[in-house]
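J.: Structure incoming, see below.
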Amino acid sequence: MIAVAAGTNRIDPYLIPALDGVAYGLLVFVAASGLVFCFGVANILNLAHGLLYAIGGYTAAALLDGGWASLALALAVGVLAAAAAGVLLAGLLTPVATGNHLSQALLTFGVALAGGSLLVAGFGPDDPQVQVPAALEGSVLVAGHRYAAYRLVFIGVAAVLAAALYLVVRRTRAGMLVRAAVDDPEMVACLGVSPARIRAGVLAAAGALAGAAGVLGAPILGPGTDTADTVLLLSLVVVVLGGLGSMAGTLLAALAIGEIQTLGVALLPSAAPFLLFAAMAAVLAVRARGLAGRWRTA
Amino acid sequence: MPLTTPWRSRALTAALLAAVLTTSTACGDDAPGTSAGGSIKIGLLASLSGTYQAVGTEIRDGFQLYLDTHDGKLGGRKVDLIVADEGNGAQTAVPAATKLLKQDRVSALTGIVGGGSVAGVTPLLNETKVPLVGSNGRPELKDVSRVWHTSYLSDEPGAAIAQHVRDNVKGSVYAIGPDYQGGWDELRGFTDAFGKIGGKLANADGKTTFTPFPATTNFLPYFARIKASGAAAVYTFYAGSAAVDFVKQYAQSEIKDVPLYAAGFLTEGGVLNAQGDAARDIYSVLNYSPDLDNAENRAFVAAWKAKHDGSPTTYALASYDAAAVLDRAIGAAGSDPTPEAINTAIGQLGQIVSPRGTWQFSTATHSPVQKWYLRQVRQDGRALSNTVVGDLATVGR
């Protein structure tokens with residue numbers, strides 16, 4: 001009995017960081033899945049992916065006023081705006097040969113820089129504040145610990161989003177095409193599906209996902225001048241850890257990042273600045289193909 | 001085609017010559033500092049763009065307010081105020097200061113938000129022999145012969161509040177701050193003074209916890225450790241958006257009932273509006289509060305509110321005081337207030353009457369020996385504001 005109580009006491013302080021790690025991990029998953037799709041399916045290295053998230057974040061900051069209606073409006077506007085930005089990117093990328101990653105990286109990086117400056121010019125250099133619906137502003141008790149209500153609800157919403165994403169990819173025709181394009185792009189082209197259409201569709205979907213993550217995640221990873229870079233960096237780490245072409249790998253990698261950034265920091269605060277990259281190096285050293293899934297370059 | 005190249009190079013030469021001529025005439029047109037009409041040139045360098053825009057704007061407006069309420073004169077001379085943009089740091093501040101000092105040939109320099117900018121500009125001051133009456137950033141400097149500050153040293157807020165925390169907190173205190181020079185100085189000021197009077201830190205290894213800056217936006221893992229440490233209170237320093245994140249997350253965390261003490265910047269100016277109710281009851285230490293009860297402050301706050309929304313911050317006050325220092329120093333520098341004469345006069349000013357209370361320059365550090373105040377975030381009419389709840393130590397060395 002005493003041993004069990006002592007064990008609980010030792011785990012107890014880390015319950016909230018572990019729970020927060022799930023919230024953060026799911027946010028990273030929704031934000032990064034777009035980049036993973038782009039890279040894995042359309043073979044486009046989109047370095048402007050963080051910008052798509054930032055568009056959602058700034059939309060949330062501009063539109064949220066503490067009511068539920070404003071949240072729905074911000075979600076709709078943010079998703080549409082980021083998806084439109086994704087289509088625009090697809091248009092810009094048309095002249096660049098598929099698989100030419102250097103040109104793609106240069107072009108999208110330029111777009112990211114220009115877009116970032118436009119956002120700062122439009123919304124100001126200060127990090128804008130995000131007002132969540134009043135009902136979610138407080139905190140709730142979770143197993144005797146206080147935790148922000150918004151983050152708890154976010155875990156539920158993000159889990160639903162992840163499940164919906166899984167069903168779309170597994171069960172719909174669009175999802176089948178996407179999976180087919182991962183496995184054999186030439187065969188998909190032979191079936192009469194234009195690669196340009198797949199590219200535009202994938203970038204729009206990636207934008208919509210990043211936009212949704214940006215709006216819903218704004219109170220957690222808020223809009224600011226560094227947001228686009230942070231999200232891009234986290235998404236690239238997801239790609240390295242989780243590999244391409246498998247949703248399970250992406251989810252696993254995102255959750256690992258979430259836990260490293262919260263539980264890891266709580267356990268080893270002095271190592272906080274390099275914990276994430278130390279973990280990445282360790283995973284690469286042990287398993288060069290990432291945590292799960294197949295690595296496809298084609 | 002070959003014809004175009006010589007023409008181009010000739011055009012380029014002409015343009016270059018024109019540029020050289022313009023700058024050389026600009027340099028040669030007047031003697032440093034004062035001109036025959038009894039006016040004097042003052043250079044103000046502050047961040048009017050970039051991350052510190054809010055602070056830079058307050059500094060410019062504080063100085064301008066003093067001029068506006070004193071007939072546009074300092075020491076009886078009409079002031080020609082030349083404002084330049086400091087940008088984000090030394091990289092942009094040094095060229096701007098070079099222009100003010102060498103081309104405009106100002107008699108004195110004021111402002112400067114960043115400590116790094118001050119460090120970058122200092123060699124230029126010694127080269128041109130112009131004094132700086134800085135109103136914010138103050139790095140560690142070996143030679144302060146021409147550098148004066150109306151603000152404070154980074155380790156002073158913590159040193160000023162240590163005794164109060166020792167007397168009022170029954171138990172150990174958790175110290176946490178951002179991992180950069182400013183954070184180290186602010187926290188060291190507290191932990192050194194607190195340790196000397198027998199205070200005990202709750203941190204696991206007895207040392208301050210530093211969070212990666214500016215990467216840390218989620219403070220929950222640190223709050224979990226604070227909870228586990230059993231601390232009776234927390235002392236911290238954050239500014240800007242990190243301060244907003246810290247305070248908002250603190251109010252929703254499991255340590256929300258642990259008293260929070262901070263260097264005043266945690267809840268100063270615009271960040272307090274962004275924090276809203278989450279900031280209620282936080283204690284902070286600062287050298288100024290707009291509700292201080294003295295005649296100078298009442299006049300200063302009234303004049304400020306007539307021109308701006310909201311109350312003046314410590315940044316605006318420090319710049320207002322920089323103008324007051326220059327006013328008296330230029331007046332005392334005699335009929336020919338050269339930069340050297342002004343610098344000497346600043347050193348002989350003695351007590352300076354200010355909205356923050358009376359203060360004077362320390363002879364060793366050239367920064368103020370001043371009283372610090374304990375403030376608490378409380379409801380003031382419709383808005384939250386930092387209300388003075390007591391006097392703390394007088395600090396300066």
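Identifiers for the structure tokens are assigned positionally: chains receive A, B, ... in sequence, residues are indexed from 1 per chain, and ligands are indexed from 1 in the order shown.
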Quick one: pick out all strand (DSSP E) residues within segment 150-380 of chain B from a backbone DSSP run and write them as an NGL selection string.
T.: :B and (173-178 or 209-211 or 233-236 or 260-263 or 283-286 or 360-361 or 368-380)
J.: Could you save those same residues with C-alpha atoms as an mmCIF file, in the first residue's frame?
T.:
```
data_model
loop_
_atom_site.group_PDB
_atom_site.id
_atom_site.type_symbol
_atom_site.label_atom_id
_atom_site.label_comp_id
_atom_site.auth_asym_id
_atom_site.auth_seq_id
_atom_site.Cartn_x
_atom_site.Cartn_y
_atom_site.Cartn_z
ATOM 1 C CA VAL B 173 10.610 31.009 -2.951
ATOM 2 C CA TYR B 174 10.902 29.611 -6.487
ATOM 3 C CA ALA B 175 12.982 31.797 -8.852
ATOM 4 C CA ILE B 176 12.354 31.509 -12.614
ATOM 5 C CA GLY B 177 13.253 33.751 -15.541
ATOM 6 C CA PRO B 178 14.206 33.942 -19.236
ATOM 7 C CA THR B 209 15.451 28.018 -13.307
ATOM 8 C CA PHE B 210 16.042 29.677 -16.675
ATOM 9 C CA THR B 211 13.675 29.033 -19.591
ATOM 10 C CA ALA B 233 5.863 32.073 -3.486
ATOM 11 C CA VAL B 234 7.376 32.650 -6.943
ATOM 12 C CA TYR B 235 9.733 35.439 -8.057
ATOM 13 C CA THR B 236 10.093 36.099 -11.771
ATOM 14 C CA LEU B 260 3.583 35.820 -7.593
ATOM 15 C CA TYR B 261 6.239 38.527 -7.118
ATOM 16 C CA ALA B 262 7.954 40.061 -10.142
ATOM 17 C CA ALA B 263 10.105 42.818 -11.529
ATOM 18 C CA TYR B 283 2.965 41.993 -6.825
ATOM 19 C CA SER B 284 5.681 43.827 -8.717
ATOM 20 C CA VAL B 285 8.568 46.133 -7.933
ATOM 21 C CA LEU B 286 9.312 49.243 -9.996
ATOM 22 C CA GLN B 360 20.348 61.521 -7.871
ATOM 23 C CA PHE B 361 23.047 60.032 -10.082
ATOM 24 C CA PRO B 368 19.980 56.687 -10.347
ATOM 25 C CA VAL B 369 20.064 56.169 -6.602
ATOM 26 C CA GLN B 370 16.301 55.953 -6.209
ATOM 27 C CA LYS B 371 13.430 54.588 -4.194
ATOM 28 C CA TRP B 372 11.551 51.469 -5.410
ATOM 29 C CA TYR B 373 7.869 50.834 -4.913
ATOM 30 C CA LEU B 374 5.803 47.710 -4.284
ATOM 31 C CA ARG B 375 2.786 47.621 -6.558
ATOM 32 C CA GLN B 376 -0.140 45.257 -6.908
ATOM 33 C CA VAL B 377 -2.442 44.784 -9.896
ATOM 34 C CA ARG B 378 -5.866 45.952 -8.715
ATOM 35 C CA GLN B 379 -9.114 47.228 -10.147
ATOM 36 C CA ASP B 380 -8.938 50.971 -10.810
#
```
J.: Please check the contacts: residues of chain B at most 6 Å away from chain A, using only C-alpha atoms, listed as a ChimeraX atom specification.
T.: /B:212,221-222,224,228,252-254
J.: Would you give me, as a list of chain:residue names, the residues in segment 102-149 of chain B that DSSP reads as alpha helix (DSSP H)?
T.: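 Secondary structure check on segment 102-149 of chain B, alpha helix (DSSP H): B:Gly115, B:Gly116, B:Ser117, B:Val118, B:Ala119, B:Gly120, B:Val121, B:Thr122, B:Pro123, B:Leu124, B:Leu125, B:Asn126, B:Glu127, B:Thr128.
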J.: May I have the residues within 7 Å of segment 71-81 of chain A as a PyMOL selection string, using only C-alpha atoms and disregarding those fewer than 6 positions away in the same chain?
T.: chain A and resi 55-56+59-60+63-64+208+211-212+215
J.: I want to know what sits within 10 Å of Leu233 of chain A, based on only C-alpha atoms, with residues of the same chain fewer than 5 positions away left out; could you give that as a list of chain:residue names?
T.: A:Ala32, A:Leu47, A:His49, A:Gly50, A:Thr227, A:Ala228, A:Val238, A:Val239
J.: Print the selection's residues with N, CA and C atoms to a file, as a PDB file, in the first residue's frame.
T.:
```pdb
ATOM      1  N   ALA A  32       1.195  19.660 -38.754  1.00  0.00           N
ATOM      2  CA  ALA A  32       2.239  19.071 -39.587  1.00  0.00           C
ATOM      3  C   ALA A  32       1.696  18.141 -40.653  1.00  0.00           C
ATOM      4  N   LEU A  47       8.120  24.954 -47.887  1.00  0.00           N
ATOM      5  CA  LEU A  47       8.678  25.664 -46.734  1.00  0.00           C
ATOM      6  C   LEU A  47       7.803  26.841 -46.311  1.00  0.00           C
ATOM      7  N   HIS A  49       4.842  26.282 -45.310  1.00  0.00           N
ATOM      8  CA  HIS A  49       3.779  25.636 -44.538  1.00  0.00           C
ATOM      9  C   HIS A  49       3.503  26.370 -43.224  1.00  0.00           C
ATOM     10  N   GLY A  50       4.562  26.837 -42.577  1.00  0.00           N
ATOM     11  CA  GLY A  50       4.383  27.580 -41.327  1.00  0.00           C
ATOM     12  C   GLY A  50       3.562  28.843 -41.547  1.00  0.00           C
ATOM     13  N   THR A 227       6.017  32.540 -35.208  1.00  0.00           N
ATOM     14  CA  THR A 227       5.138  31.376 -35.273  1.00  0.00           C
ATOM     15  C   THR A 227       5.386  30.526 -36.516  1.00  0.00           C
ATOM     16  N   ALA A 228       5.460  31.194 -37.688  1.00  0.00           N
ATOM     17  CA  ALA A 228       5.610  30.455 -38.936  1.00  0.00           C
ATOM     18  C   ALA A 228       6.872  29.598 -38.887  1.00  0.00           C
ATOM     19  N   VAL A 238       8.696  16.430 -37.455  1.00  0.00           N
ATOM     20  CA  VAL A 238       7.713  15.353 -37.594  1.00  0.00           C
ATOM     21  C   VAL A 238       8.056  14.487 -38.799  1.00  0.00           C
ATOM     22  N   VAL A 239       8.417  15.140 -39.914  1.00  0.00           N
ATOM     23  CA  VAL A 239       8.765  14.388 -41.121  1.00  0.00           C
ATOM     24  C   VAL A 239       9.967  13.483 -40.848  1.00  0.00           C
TER      25      VAL A 239
END
```
J.: So which residues touch segment 325-332 of chain B within 8 Å, counting only C-alpha atoms, skipping near sequence neighbours fewer than 5 positions away, as an MDAnalysis selection string?
T.: chainID B and resid 73:76 133 337 342:343 345:346 349 352
J.: Would you mind listing what lies within 8 Å of Gly114 of chain B as a PyMOL selection string, with only C-alpha atoms counted and same-chain residues fewer than 4 positions away left out?
T.: chain B and resi 88-90+118+136-138
J.: Write to file, as a CSV table (one decimal), in the first residue's frame, the residues of the selection just made, with N, CA and C atoms.
T.:
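Written output follows (again29.csv):
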```csv
chain,number,residue,atom,x,y,z
B,88,ASN,N,16.1,47.2,-34.1
B,88,ASN,CA,16.0,46.1,-33.2
B,88,ASN,C,17.3,45.9,-32.3
B,89,GLY,N,18.4,46.7,-32.6
B,89,GLY,CA,19.6,46.5,-31.8
B,89,GLY,C,20.7,47.2,-32.4
B,90,ALA,N,21.9,46.8,-32.0
B,90,ALA,CA,23.2,47.6,-32.3
B,90,ALA,C,23.4,47.7,-33.8
B,118,VAL,N,23.3,50.4,-26.6
B,118,VAL,CA,24.1,51.3,-25.8
B,118,VAL,C,25.6,50.9,-25.9
B,136,ASN,N,16.8,54.0,-21.0
B,136,ASN,CA,16.3,52.6,-20.8
B,136,ASN,C,17.5,51.6,-20.7
B,137,GLY,N,18.0,51.1,-21.8
B,137,GLY,CA,19.0,50.0,-21.8
B,137,GLY,C,20.3,50.4,-21.1
B,138,ARG,N,20.8,49.5,-20.2
B,138,ARG,CA,22.0,49.9,-19.6
B,138,ARG,C,22.8,48.6,-19.4
```
J.: Between B:Thr208, B:Ser354, B:Thr98, B:Ser107, which residue has the minimum interatomic distance to Leu124 of chain B, considering only C-alpha atoms?
T.: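 Closest to Leu124 of chain B, using only C-alpha atoms: B:Thr98.
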J.: To one decimal in Å, tell me the separation between atom CA of Leu44 of chain B and atom CA of Ala96 of chain B.
T.: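 Distance reported for this atom pair: 10.0 Å.
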J.: Grab the atom CA of Gly264 of chain B to atom CA of Phe300 of chain B distance for me, in Å with one decimal place.
T.: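 Result for atom CA of Gly264 of chain B versus atom CA of Phe300 of chain B: 20.0 Å, one decimal.
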